[in-house]
file protein27.json (JSON, C-alpha atoms)
[["chain", "number", "residue", "atom", "x", "y", "z"],
["N", 172, "MET", "CA", 148.73, 89.51, 53.84],
["N", 173, "SER", "CA", 147.46, 92.00, 51.35],
["N", 174, "ALA", "CA", 143.91, 90.79, 52.02],
["N", 175, "LEU", "CA", 144.33, 91.45, 55.76],
["N", 176, "LEU", "CA", 145.66, 94.91, 55.06],
["N", 177, "ARG", "CA", 142.69, 95.66, 52.87],
["N", 178, "ILE", "CA", 140.31, 94.55, 55.64],
["N", 179, "LEU", "CA", 142.12, 96.74, 58.15],
["N", 180, "ALA", "CA", 142.02, 99.66, 55.76],
["N", 181, "TRP", "CA", 138.27, 99.31, 55.21],
["N", 182, "THR", "CA", 137.70, 98.99, 58.96],
["N", 183, "LEU", "CA", 139.69, 102.14, 59.61],
["N", 184, "ALA", "CA", 137.82, 104.01, 56.89],
["N", 185, "LEU", "CA", 134.44, 102.99, 58.29],
["N", 186, "ALA", "CA", 135.53, 104.00, 61.78],
["N", 187, "LEU", "CA", 136.63, 107.41, 60.54],
["N", 188, "VAL", "CA", 133.21, 107.89, 58.95],
["N", 189, "ALA", "CA", 131.13, 106.44, 61.77],
["N", 190, "LEU", "CA", 132.94, 107.97, 64.72],
["N", 191, "PRO", "CA", 131.98, 111.59, 63.97],
["N", 192, "VAL", "CA", 128.36, 110.52, 63.46],
["N", 193, "VAL", "CA", 128.34, 108.71, 66.79],
["N", 194, "ALA", "CA", 129.98, 111.70, 68.46],
["N", 195, "VAL", "CA", 127.36, 114.10, 67.10],
["N", 196, "VAL", "CA", 124.44, 111.83, 68.00],
["N", 197, "ASN", "CA", 125.72, 111.39, 71.54],
["N", 198, "GLY", "CA", 126.46, 115.06, 71.98],
["N", 199, "TRP", "CA", 130.22, 114.66, 72.30],
["N", 200, "ILE", "CA", 130.65, 117.26, 69.58],
["N", 201, "GLY", "CA", 128.31, 119.49, 67.63],
["N", 202, "ALA", "CA", 126.19, 120.92, 70.46],
["N", 203, "ASP", "CA", 127.63, 124.36, 69.76],
["N", 204, "ARG", "CA", 127.41, 123.97, 66.00],
["N", 205, "TRP", "CA", 123.76, 122.74, 65.96],
["N", 206, "PRO", "CA", 122.23, 124.23, 69.10],
["N", 207, "LEU", "CA", 118.55, 124.28, 69.98],
["N", 208, "ARG", "CA", 117.74, 127.97, 70.34],
["N", 209, "THR", "CA", 113.95, 128.11, 70.31],
["N", 210, "LEU", "CA", 111.39, 126.51, 72.64],
["N", 211, "ARG", "CA", 107.94, 126.38, 71.09],
["N", 212, "LEU", "CA", 105.04, 125.60, 73.44],
["N", 213, "GLN", "CA", 101.76, 124.37, 72.01],
["N", 214, "GLY", "CA", 98.50, 123.81, 73.88],
["N", 215, "GLU", "CA", 96.07, 125.89, 75.90],
["N", 216, "LEU", "CA", 98.09, 126.48, 79.04],
["N", 217, "LYS", "CA", 96.17, 127.92, 81.98],
["N", 218, "ARG", "CA", 97.93, 126.38, 84.95],
["N", 219, "VAL", "CA", 101.18, 124.91, 83.61],
["N", 220, "ASP", "CA", 104.02, 127.40, 84.09],
["N", 221, "ALA", "CA", 105.99, 127.99, 80.88],
["N", 222, "GLN", "CA", 109.14, 128.74, 82.87],
["N", 223, "ARG", "CA", 108.93, 125.36, 84.57],
["N", 224, "VAL", "CA", 108.56, 123.69, 81.18],
["N", 225, "ARG", "CA", 111.68, 125.49, 79.98],
["N", 226, "ALA", "CA", 113.61, 124.43, 83.07],
["N", 227, "ALA", "CA", 112.51, 120.81, 82.56],
["N", 228, "VAL", "CA", 113.74, 120.54, 78.95],
["N", 229, "LEU", "CA", 116.83, 122.76, 79.17],
["N", 230, "PRO", "CA", 119.23, 120.02, 80.37],
["N", 231, "PHE", "CA", 118.32, 117.93, 77.33],
["N", 232, "ALA", "CA", 118.26, 120.82, 74.85],
["N", 233, "ARG", "CA", 121.88, 121.69, 75.73],
["N", 234, "GLN", "CA", 123.01, 118.53, 73.97],
["N", 235, "GLY", "CA", 122.15, 120.03, 70.60],
["N", 236, "PHE", "CA", 119.75, 119.19, 67.80],
["N", 237, "PHE", "CA", 121.09, 115.73, 66.97],
["N", 238, "ALA", "CA", 121.83, 114.55, 70.51],
["N", 239, "VAL", "CA", 118.72, 115.73, 72.37],
["N", 240, "ARG", "CA", 116.96, 112.82, 74.06],
["N", 241, "LEU", "CA", 113.33, 113.48, 73.25],
["N", 242, "ASP", "CA", 111.90, 110.65, 75.37],
["N", 243, "ASP", "CA", 113.73, 111.87, 78.47],
["N", 244, "ALA", "CA", 112.67, 115.47, 77.86],
["N", 245, "GLN", "CA", 109.08, 114.35, 77.38],
["N", 246, "ALA", "CA", 109.14, 112.36, 80.63],
["N", 247, "ALA", "CA", 110.49, 115.40, 82.49],
["N", 248, "VAL", "CA", 107.68, 117.63, 81.21],
["N", 249, "ALA", "CA", 105.05, 114.99, 82.02],
["N", 250, "GLN", "CA", 106.09, 115.13, 85.69],
["N", 251, "LEU", "CA", 105.14, 118.79, 86.03],
["N", 252, "PRO", "CA", 101.95, 119.66, 87.98],
["N", 253, "TRP", "CA", 98.75, 119.73, 85.94],
["N", 254, "VAL", "CA", 100.34, 118.09, 82.87],
["N", 255, "GLU", "CA", 98.16, 115.25, 81.65],
["N", 256, "ARG", "CA", 100.04, 114.49, 78.45],
["N", 257, "ALA", "CA", 103.24, 115.84, 76.86],
["N", 258, "GLU", "CA", 104.91, 115.38, 73.48],
["N", 259, "VAL", "CA", 108.37, 116.69, 72.59],
["N", 260, "HIS", "CA", 109.63, 117.01, 69.00],
["N", 261, "LYS", "CA", 112.48, 118.80, 67.28],
["N", 262, "ARG", "CA", 112.16, 120.93, 64.17],
["N", 263, "TRP", "CA", 115.07, 121.78, 61.92],
["N", 264, "PRO", "CA", 117.20, 123.73, 62.36],
["N", 265, "ASP", "CA", 116.97, 124.84, 66.02],
["N", 266, "VAL", "CA", 113.45, 124.38, 67.43],
["N", 267, "LEU", "CA", 112.36, 122.18, 70.31],
["N", 268, "GLU", "CA", 108.58, 121.83, 70.20],
["N", 269, "VAL", "CA", 106.62, 120.85, 73.32],
["N", 270, "ARG", "CA", 102.92, 120.03, 73.12],
["N", 271, "ILE", "CA", 101.07, 119.91, 76.42],
["N", 272, "ALA", "CA", 97.55, 118.86, 77.34],
["N", 273, "GLU", "CA", 96.55, 120.05, 80.80],
["N", 274, "HIS", "CA", 94.43, 118.12, 83.24],
["N", 275, "ARG", "CA", 90.85, 119.33, 83.20],
["N", 276, "PRO", "CA", 89.67, 118.98, 86.82],
["N", 277, "PHE", "CA", 86.39, 117.23, 87.47],
["N", 278, "ALA", "CA", 86.43, 117.13, 91.27],
["N", 279, "LEU", "CA", 88.52, 117.54, 94.38],
["N", 280, "TRP", "CA", 89.83, 114.17, 95.53],
["N", 281, "GLY", "CA", 90.69, 113.78, 99.19],
["N", 282, "LYS", "CA", 92.63, 116.56, 100.91],
["N", 283, "ASP", "CA", 95.23, 117.68, 98.40],
["N", 284, "ARG", "CA", 94.56, 116.03, 95.06],
["N", 285, "LEU", "CA", 92.26, 116.45, 92.11],
["N", 286, "LEU", "CA", 90.40, 114.12, 89.79],
["N", 287, "SER", "CA", 90.53, 114.87, 86.07],
["N", 288, "GLU", "CA", 87.72, 114.47, 83.58],
["N", 289, "HIS", "CA", 89.50, 111.35, 82.35],
["N", 290, "GLY", "CA", 89.43, 109.77, 85.82],
["N", 291, "ARG", "CA", 93.09, 110.37, 86.67],
["N", 292, "ILE", "CA", 94.15, 111.51, 90.14],
["N", 293, "PHE", "CA", 96.83, 114.19, 90.19],
["N", 294, "PRO", "CA", 98.33, 116.60, 92.76],
["N", 295, "ARG", "CA", 97.06, 120.14, 92.62],
["N", 296, "GLY", "CA", 100.37, 121.61, 93.74],
["N", 297, "ASN", "CA", 100.31, 125.21, 94.90],
["N", 298, "LEU", "CA", 97.63, 126.27, 92.45],
["N", 299, "VAL", "CA", 94.10, 127.13, 93.52],
["N", 300, "PRO", "CA", 91.60, 124.78, 91.84],
["N", 301, "PRO", "CA", 88.51, 126.16, 90.09],
["N", 302, "LYS", "CA", 85.58, 127.05, 92.31],
["N", 303, "GLY", "CA", 82.50, 124.87, 92.48],
["N", 304, "LEU", "CA", 84.19, 121.50, 92.16],
["N", 305, "PRO", "CA", 82.54, 118.68, 94.16],
["N", 306, "GLN", "CA", 84.52, 117.03, 96.93],
["N", 307, "LEU", "CA", 84.88, 113.29, 96.31],
["N", 308, "GLN", "CA", 86.73, 110.81, 98.47],
["N", 309, "GLY", "CA", 87.38, 107.10, 98.51],
["N", 310, "PRO", "CA", 90.07, 104.49, 97.87],
["N", 311, "ASP", "CA", 92.06, 105.29, 94.73],
["N", 312, "ALA", "CA", 91.12, 101.89, 93.29],
["N", 313, "ARG", "CA", 87.41, 102.81, 93.55],
["N", 314, "VAL", "CA", 87.52, 106.03, 91.52],
["N", 315, "ALA", "CA", 85.15, 104.68, 88.87],
["N", 316, "ASP", "CA", 82.59, 103.60, 91.51],
["N", 317, "VAL", "CA", 82.71, 106.96, 93.30],
["N", 318, "VAL", "CA", 82.30, 108.93, 90.07],
["N", 319, "ALA", "CA", 79.44, 106.68, 88.93],
["N", 320, "LEU", "CA", 77.46, 107.16, 92.15],
["N", 321, "TYR", "CA", 78.18, 110.88, 92.13],
["N", 322, "ASN", "CA", 76.78, 111.23, 88.61],
["N", 323, "GLU", "CA", 73.70, 109.22, 89.53],
["N", 324, "SER", "CA", 73.16, 111.23, 92.71],
["N", 325, "ARG", "CA", 73.55, 114.50, 90.82],
["N", 326, "ALA", "CA", 70.84, 113.39, 88.38],
["N", 327, "LEU", "CA", 68.55, 112.30, 91.23],
["N", 328, "PHE", "CA", 68.74, 115.51, 93.27],
["N", 329, "GLY", "CA", 69.01, 117.93, 90.36],
["N", 330, "PRO", "CA", 65.21, 118.15, 89.85],
["N", 331, "ASN", "CA", 64.95, 119.32, 93.48],
["N", 332, "ASN", "CA", 67.46, 122.12, 92.74],
["N", 333, "LEU", "CA", 70.01, 120.45, 94.98],
["N", 334, "LYS", "CA", 73.65, 119.83, 94.18],
["N", 335, "VAL", "CA", 75.79, 117.03, 95.55],
["N", 336, "GLU", "CA", 78.69, 118.91, 97.11],
["N", 337, "THR", "CA", 80.51, 115.99, 98.71],
["N", 338, "LEU", "CA", 80.41, 112.23, 98.31],
["N", 339, "THR", "CA", 82.50, 109.86, 100.39],
["N", 340, "LEU", "CA", 83.18, 106.14, 100.34],
["N", 341, "ASP", "CA", 84.92, 105.26, 103.60],
["N", 342, "ALA", "CA", 87.28, 102.39, 104.37],
["N", 343, "ARG", "CA", 84.36, 100.20, 105.50],
["N", 344, "GLY", "CA", 82.58, 100.62, 102.16],
["N", 345, "SER", "CA", 79.90, 102.95, 103.54],
["N", 346, "TRP", "CA", 78.62, 105.86, 101.43],
["N", 347, "SER", "CA", 77.63, 109.33, 102.59],
["N", 348, "LEU", "CA", 77.04, 112.65, 100.86],
["N", 349, "ALA", "CA", 76.28, 116.29, 101.55],
["N", 350, "LEU", "CA", 73.80, 118.37, 99.58],
["N", 351, "SER", "CA", 73.94, 122.06, 98.73],
["N", 352, "ASP", "CA", 71.20, 122.88, 101.28],
["N", 353, "GLY", "CA", 73.52, 121.73, 104.07],
["N", 354, "SER", "CA", 71.87, 118.38, 104.72],
["N", 355, "GLN", "CA", 73.97, 115.29, 105.38],
["N", 356, "VAL", "CA", 72.84, 111.98, 103.89],
["N", 357, "VAL", "CA", 74.15, 108.72, 105.33],
["N", 358, "VAL", "CA", 73.58, 106.00, 102.75],
["N", 359, "GLY", "CA", 75.39, 102.97, 104.14],
["N", 360, "SER", "CA", 77.11, 100.14, 102.32],
["N", 361, "SER", "CA", 74.19, 98.15, 100.90],
["N", 362, "GLU", "CA", 71.93, 99.04, 97.96],
["N", 363, "ALA", "CA", 73.23, 102.60, 97.81],
["N", 364, "ARG", "CA", 71.58, 103.41, 94.49],
["N", 365, "LEU", "CA", 68.20, 102.00, 95.51],
["N", 366, "ARG", "CA", 68.23, 103.91, 98.79],
["N", 367, "LEU", "CA", 69.16, 107.18, 97.11],
["N", 368, "GLN", "CA", 66.46, 106.71, 94.47],
["N", 369, "ARG", "CA", 63.84, 106.12, 97.16],
["N", 370, "PHE", "CA", 64.95, 109.10, 99.21],
["N", 371, "ALA", "CA", 65.13, 111.49, 96.25],
["N", 372, "ARG", "CA", 61.66, 110.46, 95.11],
["N", 373, "LEU", "CA", 60.10, 111.25, 98.49],
["N", 374, "LEU", "CA", 62.23, 114.30, 99.32],
["N", 375, "PRO", "CA", 59.93, 116.98, 97.81],
["N", 376, "GLN", "CA", 56.98, 115.67, 99.84],
["N", 377, "LEU", "CA", 59.06, 115.52, 103.01],
["N", 378, "LEU", "CA", 60.36, 119.07, 102.60],
["N", 379, "ALA", "CA", 56.83, 120.35, 101.96],
["N", 380, "GLN", "CA", 55.64, 118.91, 105.28],
["N", 381, "LYS", "CA", 58.29, 120.68, 107.39],
["N", 382, "ARG", "CA", 59.21, 124.30, 107.93],
["N", 383, "GLN", "CA", 62.65, 123.49, 109.30],
["N", 384, "PRO", "CA", 65.58, 122.71, 107.01],
["N", 385, "LEU", "CA", 66.59, 119.07, 106.78],
["N", 386, "GLN", "CA", 69.78, 118.51, 108.74],
["N", 387, "ARG", "CA", 70.47, 114.79, 108.39],
["N", 388, "ALA", "CA", 68.97, 111.79, 106.66],
["N", 389, "ASP", "CA", 69.92, 108.26, 107.59],
["N", 390, "LEU", "CA", 69.03, 105.81, 104.82],
["N", 391, "ARG", "CA", 70.50, 102.71, 106.45],
["N", 392, "TYR", "CA", 67.16, 100.99, 106.93],
["N", 393, "THR", "CA", 65.53, 98.26, 104.95],
["N", 394, "ASN", "CA", 62.27, 100.04, 104.19],
["N", 395, "GLY", "CA", 62.80, 103.73, 104.89],
["N", 396, "PHE", "CA", 64.98, 106.31, 106.59],
["N", 397, "ALA", "CA", 65.36, 108.57, 109.63],
["N", 398, "LEU", "CA", 65.33, 112.37, 109.35],
["N", 399, "VAL", "CA", 66.73, 115.02, 111.68],
["N", 400, "TRP", "CA", 65.39, 118.55, 111.18],
["N", 401, "ALA", "CA", 67.35, 121.66, 112.13],
["N", 402, "GLY", "CA", 66.04, 123.29, 115.31],
["N", 403, "SER", "CA", 63.73, 120.39, 116.10],
["N", 404, "ARG", "CA", 63.47, 119.18, 119.68],
["N", 405, "GLU", "CA", 62.66, 115.70, 118.51],
["N", 406, "GLN", "CA", 65.59, 113.43, 117.91],
["N", 407, "ALA", "CA", 64.45, 112.19, 114.50],
["N", 408, "ASP", "CA", 61.48, 111.47, 112.28],
["N", 409, "ALA", "CA", 60.99, 107.92, 111.06],
["N", 410, "VAL", "CA", 59.78, 107.88, 107.49],
["N", 411, "GLU", "CA", 58.52, 104.60, 106.10],
["N", 412, "SER", "CA", 58.36, 103.91, 102.41],
["N", 413, "SER", "CA", 56.95, 100.39, 102.31],
["N", 414, "ALA", "CA", 57.34, 98.67, 105.70],
["N", 415, "ALA", "CA", 54.48, 97.29, 107.72],
["N", 416, "ALA", "CA", 53.56, 98.99, 111.00],
["N", 417, "GLY", "CA", 54.56, 97.66, 114.39],
["N", 418, "GLU", "CA", 58.27, 97.08, 113.76],
["N", 419, "ARG", "CA", 60.82, 97.72, 116.48],
["N", 420, "PRO", "CA", 63.06, 100.80, 116.31],
["N", 421, "ALA", "CA", 66.68, 100.59, 115.23],
["N", 422, "ILE", "CA", 69.23, 101.10, 118.02],
["N", 423, "ASP", "CA", 71.89, 103.77, 117.59],
["N", 424, "ASP", "CA", 75.37, 102.18, 117.67],
["N", 425, "GLN", "CA", 76.89, 105.00, 119.74],
["N", 426, "THR", "CA", 74.20, 105.94, 122.26],
["N", 427, "GLY", "CA", 72.44, 102.61, 122.67],
["N", 428, "MET", "CA", 69.13, 104.51, 122.43],
["N", 429, "PRO", "CA", 66.48, 104.17, 119.75],
["N", 430, "ALA", "CA", 67.79, 105.85, 116.62],
["N", 431, "MET", "CA", 64.35, 107.38, 115.93],
["N", 432, "THR", "CA", 61.93, 108.48, 118.62],
["N", 433, "HIS", "CA", 59.40, 110.61, 116.75],
["N", 434, "ARG", "CA", 56.47, 108.45, 115.56],
["N", 435, "LYS", "CA", 54.04, 111.09, 114.32],
["N", 436, "THR", "CA", 54.91, 110.38, 110.72],
["N", 437, "MET", "CA", 55.08, 106.60, 110.53],
["N", 438, "GLN", "CA", 56.02, 103.62, 112.58],
["N", 439, "VAL", "CA", 59.75, 103.17, 113.11],
["N", 440, "LEU", "CA", 61.54, 100.92, 110.71],
["N", 441, "GLN", "CA", 63.26, 97.61, 110.89],
["N", 442, "GLN", "CA", 66.20, 97.11, 113.22],
["N", 443, "GLU", "CA", 68.82, 96.08, 110.67],
["N", 444, "ARG", "CA", 70.96, 98.69, 109.03],
["N", 445, "SER", "CA", 74.31, 98.51, 107.30]]

call {"tool": "encode", "arguments": {"input": "protein27.json", "output": "C-alpha cells"}}
result
Amino acid sequence: MSALLRILAWTLALALVALPVVAVVNGWIGADRWPLRTLRLQGELKRVDAQRVRAAVLPFARQGFFAVRLDDAQAAVAQLPWVERAEVHKRWPDVLEVRIAEHRPFALWGKDRLLSEHGRIFPRGNLVPPKGLPQLQGPDARVADVVALYNESRALFGPNNLKVETLTLDARGSWSLALSDGSQVVVGSSEARLRLQRFARLLPQLLAQKRQPLQRADLRYTNGFALVWAGSREQADAVESSAAAGERPAIDDQTGMPAMTHRKTMQVLQQERS
C-alpha cells in the first residue's frame, strides 16, 4: 500500500510541475505576464502593407511569448498580397520578428495576375504594377514554355530595336505576339521558334523595302509568311524564304478567299498552315 501511495504522490508532484508549463505553452495563463509588445519587420517592403502584416500576426501574438504559434502566424503573413516568402520568429523577451521577401514582378499574366521572377503566379491585388512589364498569357501549367519563348523572342527582335510587348499561347496551342512598333505576329502552333527566327532574320530587309509600317505578319506557312502593311490597299504581301515558285495560295479560314493576293514580292506559299 505504501508503494501505491508513493506512486500517487510522485504522479501528483509531476502534474503540479507540468500543468503550469502546459498552461503557459498553450496560452491558458501567462499571456499578460509575458506579452509580445514589439513587431519587428525585416525585408525591403515596397508593396506589402506593414499594417496588414500587423493585423495578420496580432491574433497569434496575443497568446504571449511562450504560446504564440509561429507556423500559423507565418502562414497568415504568407497569404498577404505580394508576399513571396515569410518567416516568423520570436526574440526574448517581447519581440515578434517577421521577415518578408516580396514578389519581384517579371510580367503581367492574364487579366489580373502577375508572374514573378521565380516563375510564380500571384494576384496583384489593388496595387498598380510597375510600368513596362510585358503582357504574357497562357495556361498556368505552361508558364515555363511561355517565358522561354518570350525570352527567345526578345533576343531575336532586340537587334531591330523592337520589344515584345505581348505574347500569348491560346487554348489551341497557337502562339501570337505583339511588338513595340504595333505589329501583330501570328506564329501558329508548329515550329514556333524556327518561324520566329526566320521572320526576325528577314525583318530588317522587309522593313527597308516598305514605307508603310508593318501591321500584321502571319507566319503559319511552311516556307514563308504573309505581311499586311498599314494603309496598303493590297490585302497582303506573300514573302517566301525558301519555297519553290508556282505553289497555290493558302485559303483564309474565315473569308474563304486567298490569304495573300499581292504577288509582286514572291510567289504565294504552300497551302498548309497550323

call {"tool": "residues_around", "arguments": {"input": "protein27.json", "residues": "Leu304 in chain N", "least_positions_apart": "2", "cutoff": "12 Å", "atoms": "only C-alpha atoms", "output": "count of residues only"}}
result
21

call {"tool": "atom_distance", "arguments": {"input": "protein27.json", "atom1": "CA of Gln245 in chain N", "atom2": "CA of Asp220 in chain N"}}
result
15.5 Å

call {"tool": "atom_distance", "arguments": {"input": "protein27.json", "atom1": "CA of Gln383 in chain N", "atom2": "CA of Leu333 in chain N"}}
result
16.4 Å

call {"tool": "closest_residue", "arguments": {"input": "protein27.json", "among": "N:Ala319, N:Ala401, N:Leu377, N:Ala312", "to": "Gln355 in chain N", "atoms": "all atoms listed in the file"}}
result
N:Ala401

call {"tool": "atom_distance", "arguments": {"input": "protein27.json", "atom1": "CA of Phe293 in chain N", "atom2": "CA of Gly344 in chain N"}}
result
23.0 Å
